[in-house]
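What follows is a short report on a single structure.
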Amino acid sequence: MSVIVMRAGRRSILVERRTLVASAALVAALLGLGLLGLCYGASWATPGEVAAALGGSGDSVVVVRDWRLPRVLAGMFFGLALGVAGAIFQNLTRNPMGSPDVIGLDAGAYTGALVAITVFSGGPLQLAAGSVIGGLVVAATIYLLSSGGGLSGLRLVVIGIAVSAIVTALNSWIVLRAELEVAMAAVGWSAGSLNGVDWEDLPVPFAIIAVLLVVTAGSSHAMHQATLGEAVAAATGVGLRRLRLLMVVVGVGCTATVTSVAGPIVFIALAAPQIGRRLAGAAGVPLLPAALTGALLLQSADLLAQMLLAPESLPVGVVTTAIGGCYLIWLLAKEVRHR
C-alpha cells in the first residue's frame with residue numbers, strides 16, 4: 001500500500017513539474033508573439049523601436065502604443081478567458097467537445113449583445129451585461145433539456161448543437177429586422193475580430209476577466225477534486241452543486257465578455273484545453289496551461305489574419321473558424337470511434 005502511495009505521489013510531482021515547465025514555455029512563446037505583434041504592421045518596427053515607443057520616445061509611439069499594443073493585449077487577455085472557459089466546461093462535462101462555442105454559449109452571448117445593440121444604446125456595460133445574460137439563458141436551456149441524461153457525454157453536445165442552431169437562426173432574424181447601419185455592423189462583428197480594438201474598449205472587459213480569473217484560481221482545487229468523481233469530491237468537502245453553478249457563471253462570463261467586445265471567436269475554447277492538457281501531461285484539464293494555450297492560439301490566429309491578405313486584415317474569427325472546423329471533424333470522429 002505504501003509503495004502505491006509513493007508511486008502516486010511521485011507521478012503527481014512529475015505531472016506538476018511538467019505543468020510548470022509547459023506553462024513557462026507557453027509564457028515565453030506568448031511574449032515572443034506579443035513582440036512580433038508590436039513589430040508587425042503596415043510598416044515594420046524593429047524590437048529596438050518598439051522598446052523606445054513603449055518608453056514614450058521615437059517615431060512609432062502612436063503606432064505601437066495606441067494602435068498595436070491594445071490589439072496585442074486584447075488577443076492575450078481574450079485568449080486567456082476563452083481558454084479558461086473551455087477548460088471549465090470540458091471539466092464539468094468530462095467531454096472534450098463540451099466547449100462554449102460548440103454547445104451554443106457563444107451564440108447565446110451574441111444574441112444578448114444584439115439585443116443590447118438594437119434595443120438599447122449598446123454601450124460597453126450594456127454589451128457585457130447583455131452578452132452574459134444571453135449566455136446564461138442558453139446555458140440554463142441546455143441544462144434543462146439535457147438533465148435527463150446528465151451534464152456529460154454526447155447527449156449534452158448534441159443538445160447544445162441543436163440549441164445553437166436555433167439561437168443562430170434567432171440572431172439572423174434580429175439582424176434582418178434591425179436598421180441597415182446596425183445590421184451591417186452586427187454582421188461584420190459576428191465574424192469575431194480584433195480589428196479596430198483600442199484602449200477605450202478594454203478597461204471594462206479586462207476588469208471583468210481579471211475578477212473571473214481570480215475566482216477561477218480560488219476554485220481550481222475544488223474543481224480538480226470534482227473531476228476525480230462525485231464520491232471523492234463529497235469526501236473532501238466539495239459542494240458540487242454550488243461549485244458547478246459558480247463555474248458555469250464564470251465560464252459564461254468569460255465567453256460573453258470576449259463576445260461583447262470582439263464578437264464570437266470560435267475554436268479557441270474548444271482546442272486550447274486539450275492542447276494544454278497534452279502539453280502538461282495531466283489526466284484532467286488543467287486551467288493554467290489551457291489559459292496560456294488559449295492566449296497563444298488567439299494571438300497566433302490574429303497575426304495570421306493580419307498577414308494572409310496584407311495590407312488588408314481579416315477578422316480573426318475567419319481564421320479560427322477555418323482551423324476549428326477541421327479540428328472539430330477530427331474530434332467528432334475520435335469521439336464516435338471510442339463509443
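FYI, nothing fancy with the C-alpha cells labels: chains A, B, ... in order, residues from 1 per chain, ligands from 1 as they appear.
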Per residue of stretch 240-279 of chain A within 10 Å of stretch 115-125 of chain A, which atom pair is closest and at what distance in Å (one decimal), using only C-alpha atoms, listed by chain and increasing number, as CSV?
```
residue,atom,partner,partner_atom,distance
A:Thr257,CA,A:Pro124,CA,9.8
A:Ser260,CA,A:Pro124,CA,7.6
A:Val261,CA,A:Pro124,CA,7.9
```
Go through stretch 215-309 of chain A residue by residue and, counting only C-alpha atoms, keep those with an atom at most 12 Å from stretch 141-148 of chain A; for each kept residue give the shortest atom pair and its distance in Å to one decimal, ordered by chain and increasing number, as CSV.
```
residue,atom,partner,partner_atom,distance
A:Arg244,CA,A:Tyr143,CA,11.6
A:Leu245,CA,A:Tyr143,CA,11.1
A:Val248,CA,A:Tyr143,CA,10.6
```
Using only C-alpha atoms, determine which residues lie at most 8 Å from A:Thr255, disregarding the query and same-chain residues fewer than 6 positions distant; provide the list as a JSON list (two decimals) with C-alpha atoms, in the first residue's frame.
```json
[["chain", "number", "residue", "atom", "x", "y", "z"],
["A", 81, "ALA", "CA", -10.55, 34.00, -20.97],
["A", 82, "LEU", "CA", -11.58, 31.64, -23.78],
["A", 85, "ALA", "CA", -13.96, 28.95, -20.30],
["A", 100, "PRO", "CA", -18.84, 27.13, -25.21],
["A", 105, "LEU", "CA", -22.99, 29.66, -25.41],
["A", 106, "ASP", "CA", -21.19, 31.90, -27.91],
["A", 109, "ALA", "CA", -23.90, 35.68, -25.79]]
```
Requested in this report: If you run DSSP over the backbone, which residues in stretch 186-285 of chain A end up helix (DSSP H, G or I)? Put them as a ChimeraX atom specification.
Outcome: /A:186-189,199-201,203-227,230-235,240-262,268-280
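Of the residues under consideration (A:Asn195, A:Ala25, A:Ala271, A:Ala52), A:Asn195 shows the shortest atom-to-atom contact distance to A:Glu312 when counting only C-alpha atoms.
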Can you check which parts of stretch 195-271 of chain A lie within 7 Å of stretch 58-75 of chain A? Per residue, the shortest pair of atoms and distance in Å to one decimal, counting only C-alpha atoms, sorted by chain and number, as JSON lines.
```
{"residue": "A:Val197", "atom": "CA", "partner": "A:Arg71", "partner_atom": "CA", "distance": 5.8}
{"residue": "A:Asp198", "atom": "CA", "partner": "A:Pro70", "partner_atom": "CA", "distance": 5.4}
{"residue": "A:Trp199", "atom": "CA", "partner": "A:Pro70", "partner_atom": "CA", "distance": 5.8}
```
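If you count only C-alpha atoms and ignore residues fewer than 2 places along the chain from stretch 297-300 of chain A, what sits within 7 Å of it is A:Leu33, A:Gly75, A:Met76, A:Gly79, A:Ile268, A:Thr293, A:Gly294, A:Ala295, A:Asp302, A:Leu303, A:Leu304.
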Export N, CA, C and O atoms of the chosen residues as a PDB file, in the first residue's frame?
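result.pdb written:
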```pdb
ATOM      1  N   LEU A  33       5.451  36.159 -29.344  1.00  0.00           N
ATOM      2  CA  LEU A  33       4.392  36.530 -30.285  1.00  0.00           C
ATOM      3  C   LEU A  33       3.898  37.942 -30.026  1.00  0.00           C
ATOM      4  O   LEU A  33       3.554  38.670 -30.968  1.00  0.00           O
ATOM      5  N   GLY A  75      -5.707  40.316 -27.601  1.00  0.00           N
ATOM      6  CA  GLY A  75      -5.528  38.928 -28.017  1.00  0.00           C
ATOM      7  C   GLY A  75      -5.092  38.040 -26.870  1.00  0.00           C
ATOM      8  O   GLY A  75      -5.571  36.919 -26.718  1.00  0.00           O
ATOM      9  N   MET A  76      -4.194  38.550 -26.033  1.00  0.00           N
ATOM     10  CA  MET A  76      -3.718  37.756 -24.901  1.00  0.00           C
ATOM     11  C   MET A  76      -4.806  37.542 -23.851  1.00  0.00           C
ATOM     12  O   MET A  76      -5.091  36.412 -23.431  1.00  0.00           O
ATOM     13  N   GLY A  79      -7.765  35.551 -25.197  1.00  0.00           N
ATOM     14  CA  GLY A  79      -7.378  34.152 -25.330  1.00  0.00           C
ATOM     15  C   GLY A  79      -7.330  33.438 -23.988  1.00  0.00           C
ATOM     16  O   GLY A  79      -7.750  32.282 -23.867  1.00  0.00           O
ATOM     17  N   ILE A 268     -11.034  28.546 -30.163  1.00  0.00           N
ATOM     18  CA  ILE A 268     -10.031  28.719 -29.105  1.00  0.00           C
ATOM     19  C   ILE A 268     -10.442  27.948 -27.849  1.00  0.00           C
ATOM     20  O   ILE A 268      -9.651  27.182 -27.293  1.00  0.00           O
ATOM     21  N   THR A 293      -2.480  28.472 -23.375  1.00  0.00           N
ATOM     22  CA  THR A 293      -2.614  27.973 -24.742  1.00  0.00           C
ATOM     23  C   THR A 293      -3.665  28.775 -25.499  1.00  0.00           C
ATOM     24  O   THR A 293      -3.496  29.075 -26.684  1.00  0.00           O
ATOM     25  N   GLY A 294      -4.757  29.132 -24.828  1.00  0.00           N
ATOM     26  CA  GLY A 294      -5.775  29.960 -25.468  1.00  0.00           C
ATOM     27  C   GLY A 294      -5.222  31.301 -25.897  1.00  0.00           C
ATOM     28  O   GLY A 294      -5.488  31.783 -27.009  1.00  0.00           O
ATOM     29  N   ALA A 295      -4.426  31.933 -25.015  1.00  0.00           N
ATOM     30  CA  ALA A 295      -3.804  33.218 -25.368  1.00  0.00           C
ATOM     31  C   ALA A 295      -2.850  33.059 -26.542  1.00  0.00           C
ATOM     32  O   ALA A 295      -2.820  33.895 -27.456  1.00  0.00           O
ATOM     33  N   ASP A 302      -4.550  35.824 -34.781  1.00  0.00           N
ATOM     34  CA  ASP A 302      -4.703  37.228 -35.150  1.00  0.00           C
ATOM     35  C   ASP A 302      -3.539  37.696 -36.021  1.00  0.00           C
ATOM     36  O   ASP A 302      -3.732  38.460 -36.979  1.00  0.00           O
ATOM     37  N   LEU A 303      -2.335  37.257 -35.715  1.00  0.00           N
ATOM     38  CA  LEU A 303      -1.188  37.592 -36.569  1.00  0.00           C
ATOM     39  C   LEU A 303      -1.361  36.998 -37.958  1.00  0.00           C
ATOM     40  O   LEU A 303      -1.082  37.654 -38.969  1.00  0.00           O
ATOM     41  N   LEU A 304      -1.841  35.750 -38.011  1.00  0.00           N
ATOM     42  CA  LEU A 304      -2.079  35.122 -39.305  1.00  0.00           C
ATOM     43  C   LEU A 304      -3.160  35.859 -40.080  1.00  0.00           C
ATOM     44  O   LEU A 304      -3.054  36.041 -41.301  1.00  0.00           O
TER      45      LEU A 304
END
```
Requested in this report: Mind checking which residues fall within 12 Å of A:Val266, counting only C-alpha atoms, ignoring those fewer than 5 positions away in the same chain, and posting them as a PyMOL selection string?
Outcome: chain A and resi 78-79+82-83+85-86+99-107+190-193+255+258-259+271-272+294+297-298+301+315-325+327-328
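Proximity to A:Pro286 was assessed for A:Leu30, A:Met184, A:Met97, A:Leu20 counting only C-alpha atoms; the smallest distance is recorded for A:Leu20.
When only C-alpha atoms are used to compute distances to A:Gly134, the closest of the residues A:Val211, A:Ile265, A:Ala256, A:Leu54 turns out to be A:Ala256.
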For A:Ser43: contacts at 10 Å, only C-alpha atoms, fewer than 2 positions along chain excluded, given as a CSV table (one decimal) with C-alpha atoms, in the first residue's frame:
```
chain,number,residue,atom,x,y,z
A,39,CYS,CA,6.6,44.9,-34.7
A,40,TYR,CA,4.3,43.8,-37.5
A,41,GLY,CA,2.0,46.1,-39.4
A,45,ALA,CA,9.2,48.3,-36.4
A,46,THR,CA,12.4,46.8,-35.1
A,60,SER,CA,6.5,54.9,-33.6
A,63,VAL,CA,1.5,53.2,-34.0
A,311,PRO,CA,-2.3,45.0,-46.1
```
